[in-house]
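Enquirer: Data file model-v6.cif (mmCIF, C-alpha atoms) is appended below.
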data_structure
#
loop_
_atom_site.label_atom_id
_atom_site.label_comp_id
_atom_site.auth_asym_id
_atom_site.auth_seq_id
_atom_site.Cartn_x
_atom_site.Cartn_y
_atom_site.Cartn_z
CA MET A 985 0.00 0.00 0.00
CA SER A 986 2.91 2.33 0.63
CA THR A 987 3.60 2.44 -3.11
CA VAL A 988 0.11 3.51 -4.16
CA LEU A 989 0.92 7.19 -4.56
CA ASP A 990 4.31 6.63 -6.20
CA VAL A 991 2.94 4.10 -8.69
CA GLU A 992 -0.05 6.22 -9.59
CA GLN A 993 1.87 9.46 -9.84
CA ASN A 994 4.09 7.86 -12.47
CA ALA A 995 1.14 6.41 -14.37
CA CYS A 996 -0.45 9.64 -15.62
CA THR A 997 2.34 10.74 -17.93
CA GLY A 998 1.76 9.91 -21.59
CA ASP A 999 0.74 13.05 -23.45
CA ALA A 1000 0.69 15.23 -20.33
CA VAL A 1001 2.29 18.67 -20.70
CA GLU A 1002 3.12 20.73 -17.61
CA HIS A 1003 2.92 24.52 -17.47
CA ASP A 1004 3.71 27.13 -14.82
CA ILE A 1005 1.13 29.86 -15.32
CA GLU A 1006 1.79 33.33 -13.91
CA THR A 1007 -1.31 35.10 -12.62
CA PRO A 1008 -1.83 38.34 -10.66
CA HIS A 1009 -2.32 36.15 -7.58
CA GLY A 1010 0.66 33.82 -7.94
CA VAL A 1011 1.94 30.98 -10.11
CA LEU A 1012 -0.30 28.03 -10.97
CA HIS A 1013 1.19 24.68 -11.89
CA VAL A 1014 -1.02 23.23 -14.63
CA THR A 1015 -0.89 19.81 -16.28
CA MET A 1016 -2.74 19.38 -19.57
CA ARG A 1017 -3.55 16.02 -21.17
CA GLY A 1018 -4.79 15.96 -24.76
CA THR A 1019 -5.95 18.91 -26.84
CA PRO A 1020 -9.33 20.66 -26.86
CA LYS A 1021 -11.70 18.80 -29.15
CA GLY A 1022 -13.96 21.04 -31.21
CA ASN A 1023 -16.58 22.78 -29.11
CA ARG A 1024 -16.40 20.24 -26.30
CA PRO A 1025 -15.58 21.58 -22.82
CA VAL A 1026 -12.31 20.77 -21.14
CA ILE A 1027 -12.39 18.74 -17.91
CA LEU A 1028 -10.85 21.03 -15.26
CA THR A 1029 -9.82 19.61 -11.87
CA TYR A 1030 -8.77 21.27 -8.63
CA HIS A 1031 -7.50 19.22 -5.69
CA ASP A 1032 -8.17 19.50 -1.97
CA ILE A 1033 -5.92 20.71 0.85
CA GLY A 1034 -2.88 18.56 1.58
CA LEU A 1035 -2.95 16.93 -1.86
CA ASN A 1036 -1.86 17.74 -5.39
CA HIS A 1037 -3.55 16.80 -8.65
CA LYS A 1038 -1.72 13.48 -8.78
CA SER A 1039 -2.49 12.21 -5.29
CA CYS A 1040 -6.05 13.54 -5.48
CA PHE A 1041 -7.11 12.43 -8.97
CA ASN A 1042 -4.73 9.82 -10.46
CA THR A 1043 -6.66 6.84 -9.07
CA LEU A 1044 -9.85 8.11 -10.69
CA PHE A 1045 -8.33 9.18 -14.01
CA ASN A 1046 -6.30 5.95 -14.33
CA PHE A 1047 -9.44 3.86 -13.89
CA GLU A 1048 -10.44 2.09 -17.12
CA ASP A 1049 -13.92 3.62 -17.37
CA MET A 1050 -12.55 7.10 -16.77
CA MET A 1051 -9.78 6.66 -19.34
CA GLU A 1052 -12.48 5.79 -21.86
CA ILE A 1053 -14.28 9.04 -21.06
CA THR A 1054 -11.15 11.18 -21.30
CA GLN A 1055 -10.52 9.98 -24.84
CA HIS A 1056 -13.31 12.40 -25.73
CA PHE A 1057 -12.11 15.40 -23.68
CA ALA A 1058 -8.94 17.33 -22.96
CA VAL A 1059 -8.10 17.40 -19.24
CA VAL A 1060 -6.51 20.28 -17.32
CA HIS A 1061 -5.29 19.59 -13.77
CA VAL A 1062 -4.61 22.73 -11.71
CA ASP A 1063 -2.34 22.60 -8.68
CA ALA A 1064 -2.71 25.29 -6.03
CA PRO A 1065 -0.21 28.17 -6.27
CA GLY A 1066 3.31 26.84 -5.70
CA GLN A 1067 6.81 28.15 -6.16
CA GLN A 1068 7.61 27.72 -9.85
CA GLU A 1069 8.50 30.76 -11.98
CA GLY A 1070 9.00 31.53 -15.67
CA ALA A 1071 5.65 30.24 -16.90
CA PRO A 1072 4.96 29.70 -20.61
CA PRO A 1073 1.77 31.05 -22.19
CA PHE A 1074 -1.39 29.21 -21.23
CA PRO A 1075 -2.51 26.81 -24.00
CA THR A 1076 -5.17 28.33 -26.24
CA GLY A 1077 -8.42 26.86 -27.47
CA VAL A 1078 -10.25 26.36 -24.16
CA ASN A 1079 -13.78 27.70 -24.52
CA SER A 1080 -15.55 26.06 -21.59
CA VAL A 1081 -14.96 23.48 -18.87
CA ILE A 1082 -16.54 20.66 -16.93
CA GLY A 1083 -15.10 21.11 -13.43
CA ILE A 1084 -14.18 18.31 -11.02
CA GLY A 1085 -13.22 19.60 -7.58
CA VAL A 1086 -12.65 18.08 -4.15
CA GLY A 1087 -13.07 19.99 -0.89
CA ALA A 1088 -11.26 23.30 -1.26
CA GLY A 1089 -11.03 22.64 -5.00
CA ALA A 1090 -14.80 22.16 -5.17
CA TYR A 1091 -15.31 25.48 -3.37
CA ILE A 1092 -12.94 27.25 -5.78
CA LEU A 1093 -14.59 25.80 -8.89
CA THR A 1094 -18.02 26.75 -7.52
CA CYS A 1095 -16.82 30.33 -7.09
CA PHE A 1096 -15.51 30.23 -10.65
CA ALA A 1097 -18.87 28.97 -11.95
CA LEU A 1098 -20.75 31.66 -10.03
CA ASN A 1099 -18.48 34.39 -11.40
CA GLN A 1100 -18.09 33.04 -14.94
CA PRO A 1101 -21.19 30.92 -15.65
CA SER A 1102 -20.73 31.08 -19.42
CA LEU A 1103 -17.39 29.24 -19.12
CA VAL A 1104 -18.65 26.31 -17.02
CA GLU A 1105 -20.86 23.66 -18.61
CA GLY A 1106 -20.99 21.34 -15.61
CA LEU A 1107 -19.55 20.69 -12.16
CA VAL A 1108 -18.70 17.54 -10.21
CA LEU A 1109 -18.27 18.72 -6.62
CA ILE A 1110 -16.83 16.21 -4.15
CA ASN A 1111 -17.05 17.13 -0.44
CA VAL A 1112 -18.08 20.70 -1.26
CA ASP A 1113 -18.80 23.05 1.66
CA PRO A 1114 -20.65 26.28 0.73
CA CYS A 1115 -20.47 27.69 4.25
CA ALA A 1116 -18.01 30.15 5.75
CA GLU A 1117 -17.48 28.40 9.06
CA GLY A 1118 -13.88 27.27 9.42
CA TRP A 1119 -13.11 23.58 9.52
CA ILE A 1120 -9.82 23.93 11.37
CA ASP A 1121 -11.41 24.51 14.78
CA TRP A 1122 -13.94 21.76 14.06
CA ALA A 1123 -11.22 19.34 13.02
CA ALA A 1124 -9.08 20.16 16.04
CA SER A 1125 -12.05 19.47 18.32
CA LYS A 1126 -12.22 15.94 16.88
CA LEU A 1127 -8.60 15.21 17.73
CA THR A 1128 -9.02 14.36 21.40
CA GLY A 1129 -5.85 12.68 22.55
CA TRP A 1130 -3.92 13.70 19.43
CA THR A 1131 -1.23 16.29 19.00
CA SER A 1132 -3.12 18.83 16.94
CA ASN A 1133 -0.43 19.63 14.39
CA LEU A 1134 -1.20 20.68 10.84
CA VAL A 1135 -0.96 17.18 9.39
CA ASP A 1136 -3.42 15.81 11.97
CA ILE A 1137 -5.88 18.62 11.26
CA VAL A 1138 -5.70 18.06 7.50
CA MET A 1139 -6.18 14.32 8.02
CA ALA A 1140 -9.32 15.02 10.05
CA HIS A 1141 -10.51 17.21 7.18
CA HIS A 1142 -10.18 14.31 4.76
CA PHE A 1143 -11.16 11.29 6.84
CA SER A 1144 -13.87 10.32 9.31
CA THR A 1145 -13.01 9.14 12.82
CA GLU A 1146 -13.81 5.59 11.72
CA GLU A 1147 -11.44 5.78 8.78
CA LEU A 1148 -8.67 7.24 10.91
CA THR A 1149 -8.84 4.20 13.19
CA ASP A 1150 -9.96 1.39 10.86
CA ASN A 1151 -8.15 1.93 7.55
CA GLN A 1152 -4.56 2.12 8.69
CA GLU A 1153 -2.90 1.44 5.32
CA LEU A 1154 -4.79 4.22 3.57
CA ILE A 1155 -4.30 6.60 6.48
CA GLN A 1156 -0.57 5.96 6.73
CA THR A 1157 -0.10 6.45 2.99
CA TYR A 1158 -1.82 9.84 2.99
CA ARG A 1159 -0.30 10.94 6.29
CA LEU A 1160 3.17 10.40 4.86
CA HIS A 1161 2.22 12.10 1.60
CA ILE A 1162 0.84 15.18 3.35
CA ALA A 1163 3.76 15.36 5.78
CA GLN A 1164 6.60 14.66 3.35
CA ASP A 1165 5.50 15.56 -0.18
CA ILE A 1166 3.60 18.80 0.43
CA ASN A 1167 5.52 21.94 1.40
CA GLN A 1168 4.35 22.57 4.96
CA ASP A 1169 4.62 26.36 4.82
CA ASN A 1170 2.54 26.46 1.64
CA LEU A 1171 0.08 23.99 3.14
CA ALA A 1172 -0.37 26.23 6.19
CA LEU A 1173 -1.09 29.19 3.91
CA PHE A 1174 -3.56 27.15 1.84
CA CYS A 1175 -5.30 25.98 5.02
CA GLY A 1176 -5.49 29.51 6.36
CA SER A 1177 -6.92 30.80 3.10
CA TYR A 1178 -9.56 28.07 2.95
CA ASN A 1179 -10.46 28.52 6.60
CA ALA A 1180 -11.05 32.24 5.94
CA ARG A 1181 -13.36 31.60 2.99
CA GLN A 1182 -16.65 33.44 2.65
CA ASP A 1183 -20.05 31.82 2.50
CA LEU A 1184 -20.92 31.27 -1.15
CA GLY A 1185 -24.29 32.93 -0.57
CA ILE A 1186 -26.11 30.56 -2.90
CA GLU A 1187 -29.87 30.04 -2.59
CA ARG A 1188 -32.34 27.59 -4.06
CA PRO A 1189 -34.40 29.38 -6.73
CA VAL A 1190 -38.19 29.48 -6.40
CA VAL A 1191 -40.07 29.22 -9.69
CA GLY A 1192 -42.09 32.34 -10.37
CA LEU A 1193 -40.41 34.27 -7.57
CA ASN A 1194 -36.66 34.67 -7.88
CA GLU A 1195 -35.31 32.15 -10.38
CA ASN A 1196 -33.83 34.96 -12.50
CA THR A 1197 -32.31 36.97 -9.65
CA VAL A 1198 -31.17 34.50 -7.00
CA LYS A 1199 -27.46 33.65 -6.72
CA THR A 1200 -27.06 29.99 -7.62
CA LEU A 1201 -25.33 27.63 -10.01
CA THR A 1202 -26.88 27.58 -13.45
CA CYS A 1203 -24.97 24.58 -14.83
CA PRO A 1204 -25.71 20.89 -14.20
CA SER A 1205 -24.04 19.84 -10.96
CA LEU A 1206 -23.23 16.44 -9.46
CA LEU A 1207 -22.56 16.58 -5.71
CA VAL A 1208 -20.61 13.58 -4.39
CA VAL A 1209 -19.87 12.52 -0.82
CA GLY A 1210 -19.09 9.26 0.95
CA ASP A 1211 -21.68 8.22 3.50
CA THR A 1212 -19.10 8.30 6.32
CA SER A 1213 -17.24 11.40 5.11
CA PRO A 1214 -16.71 14.35 7.47
CA ALA A 1215 -18.27 16.48 4.71
CA VAL A 1216 -21.70 14.79 4.62
CA GLU A 1217 -23.59 17.58 6.39
CA ALA A 1218 -21.92 20.30 4.31
CA VAL A 1219 -22.70 18.54 1.02
CA VAL A 1220 -26.33 17.97 2.01
CA GLU A 1221 -26.54 21.66 2.94
CA CYS A 1222 -25.12 22.63 -0.44
CA ASN A 1223 -27.63 20.40 -2.19
CA SER A 1224 -30.48 22.12 -0.33
CA ARG A 1225 -29.32 25.49 -1.71
CA LEU A 1226 -29.15 24.51 -5.39
CA ASN A 1227 -31.71 24.17 -8.15
CA PRO A 1228 -33.07 20.60 -7.82
CA THR A 1229 -33.71 20.41 -11.58
CA LYS A 1230 -30.00 20.89 -12.28
CA THR A 1231 -28.47 19.14 -9.27
CA THR A 1232 -27.89 15.48 -8.40
CA LEU A 1233 -26.67 14.31 -4.99
CA LEU A 1234 -24.67 11.07 -4.96
CA LYS A 1235 -24.04 9.72 -1.46
CA MET A 1236 -21.71 6.76 -1.95
CA ALA A 1237 -22.29 3.81 0.36
CA ASP A 1238 -19.41 2.24 2.29
CA CYS A 1239 -17.22 5.20 1.43
CA GLY A 1240 -15.43 7.86 3.45
CA GLY A 1241 -13.68 11.10 2.66
CA LEU A 1242 -11.90 10.24 -0.61
CA PRO A 1243 -14.46 8.59 -2.92
CA GLN A 1244 -12.30 9.32 -5.96
CA VAL A 1245 -9.58 7.16 -4.41
CA VAL A 1246 -11.54 4.43 -2.62
CA GLN A 1247 -14.31 3.91 -5.18
CA PRO A 1248 -13.04 5.28 -8.52
CA GLY A 1249 -15.16 2.82 -10.51
CA LYS A 1250 -18.45 3.99 -9.05
CA LEU A 1251 -17.45 7.62 -9.46
CA ALA A 1252 -16.32 7.08 -13.05
CA GLU A 1253 -19.66 5.43 -13.84
CA ALA A 1254 -21.53 8.36 -12.30
CA PHE A 1255 -19.39 10.82 -14.27
CA LYS A 1256 -20.11 8.89 -17.46
CA TYR A 1257 -23.86 9.28 -16.94
CA PHE A 1258 -23.31 12.94 -16.03
CA VAL A 1259 -21.50 13.86 -19.25
CA GLN A 1260 -23.94 11.81 -21.30
CA GLY A 1261 -26.77 13.77 -19.71
CA MET A 1262 -25.04 16.91 -20.95
CA GLY A 1263 -25.03 15.51 -24.48
CA TYR A 1264 -21.41 14.33 -24.65
CA SER A 1265 -19.80 10.92 -25.15
CA GLU A 1266 -22.97 9.33 -26.45
CA ASN A 1267 -21.12 6.13 -27.42
CA LEU A 1268 -19.55 5.47 -24.03
CA ARG A 1269 -20.53 2.09 -22.68
CA HIS A 1270 -21.62 1.35 -19.12
CA ASP A 1271 -19.93 -1.68 -17.59
CA ARG A 1272 -20.89 -2.20 -13.98
CA SER A 1273 -18.56 -5.18 -13.70
CA ARG A 1274 -15.63 -2.76 -13.40
CA THR A 1275 -17.02 -0.51 -10.66
CA LYS A 1276 -15.49 -2.30 -7.68
CA SER A 1277 -13.77 -0.32 -4.97
CA GLY A 1278 -10.00 -0.28 -4.88
CA PHE A 1279 -6.86 1.45 -6.06
CA SER A 1280 -5.87 1.68 -9.71
CA ARG A 1281 -2.24 0.72 -10.26
CA ALA A 1282 -2.28 0.79 -14.06
#
What is this structure when it is put down as structure tokens?

Expert:
Amino acid sequence: MSTVLDVEQNACTGDAVEHDIETPHGVLHVTMRGTPKGNRPVILTYHDIGLNHKSCFNTLFNFEDMMEITQHFAVVHVDAPGQQEGAPPFPTGVNSVIGIGVGAGAYILTCFALNQPSLVEGLVLINVDPCAEGWIDWAASKLTGWTSNLVDIVMAHHFSTEELTDNQELIQTYRLHIAQDINQDNLALFCGSYNARQDLGIERPVVGLNENTVKTLTCPSLLVVGDTSPAVEAVVECNSRLNPTKTTLLKMADCGGLPQVVQPGKLAEAFKYFVQGMGYSENLRHDRSRTKSGFSRA
């Protein structure tokens, strides 16, 4: 199990091209796979705190069903602002995106969709929290008997109490990754920024009353959360604030805080239906025999 991250981080190479993109707010490390295909949106991902795009998404994107989907789309993975400089120009030809975000990444992509709705055709939001209340104090309160250092707090953000005690191989792998592979100073800044986030201020529209004026997502949205995830209440709250005709809530059974890692097959199948519902990838097949839980090592 200790090799899961290393194996998977080396698997998503192929046609991937890395860019360091300078912005007014810092440098973004961006990995692009494939080229934009006609008028189809690009799949845009943003990882959660304590992870990068590889440790957050490689298991999902290396899964066979998901690889079939991504033959039809270009994929752009965005890493949170890092330390690289001298960025090349951002690749051209991106007209719109389908966003896939986890935790902090889901919050950021939701903000993007609210501010630039014409650029976002759909969102898959895993463990999204629309509220302003900080998770750091909450997480620390769950760490009775622990030394409440940054790594422990981030682990409590990702995993339920049951997972922290019952799934030792998974926990040890991600604890080491967060502690050793992620710059701790940058992680502290990322945590502080996320903890200071504002409430998204989204409301469920009421037909005939405020559907044209209320602040809400206008694109199709798939909300995903494991049934034992620490984010269950936040995701259910987010679902209650969105347009029910455009929103689907997927609560994954026997799953904790990282559904894209623990159950990539089920999530890939759900994503396949999602993009088909948007009118894309009409010829993709649905094979439930490959939706078992587990880690992709291919």

Enquirer: I'd like to see the residues matched by the PyMOL selection byres ((chain A and resi 1060) around 8) on this file, and ideally I'd get them as a list in words.

Expert: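 This file gives the following for the PyMOL selection byres ((chain A and resi 1060) around 8): Val1014, Thr1015, Met1016, Arg1017, Val1026, Ile1027, Leu1028, Thr1029, Ala1058, Val1059, His1061 and Val1062 of chain A.
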
Enquirer: One decimal, Å: what's the distance from atom CA of Pro1189 of chain A over to atom CA of Val1081 of chain A, could you say?

Expert: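 Interatomic distance, atom CA of Pro1189 of chain A to atom CA of Val1081 of chain A: 23.7 Å.
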
Enquirer: Would you pick out the contacts of Cys1175 of chain A at 10 Å or less, using all atoms listed in the file, so that residues sharing its chain but fewer than 2 positions from it are not included, and give the list as a list in words?

Expert: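 Returned residues: Asp1032, Ile1033, Gly1034, Ala1088, Gly1118, Trp1119, Ile1120, Leu1134, Ile1137, Val1138, Asp1169, Asn1170, Leu1171, Ala1172, Leu1173, Ser1177, Tyr1178, Asn1179 and Ala1180 of chain A.
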
Enquirer: Which is closest to Gly1077 of chain A among A:Thr1157, A:Ile1166, A:Lys1021, A:Asp1211, if we use all atoms listed in the file?

Expert: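 Going through A:Thr1157, A:Ile1166, A:Lys1021, A:Asp1211 one by one, the smallest distance to Gly1077 of chain A is for A:Lys1021.
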
Enquirer: Give as JSON, numbers by chain the residues that the PyMOL selection byres ((chain A and resi 1142) around 9) matches when applied to the coordinates above.

Expert: {"A": [1032, 1033, 1087, 1137, 1138, 1139, 1140, 1141, 1143, 1144, 1213, 1214, 1215, 1240, 1241, 1242]}

Enquirer: Measure the distance from atom CA of Leu1160 of chain A to atom CA of Val1135 of chain A in Å and round it to one decimal.

Expert: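 About the pair atom CA of Leu1160 of chain A and atom CA of Val1135 of chain A: they are 9.1 Å apart.
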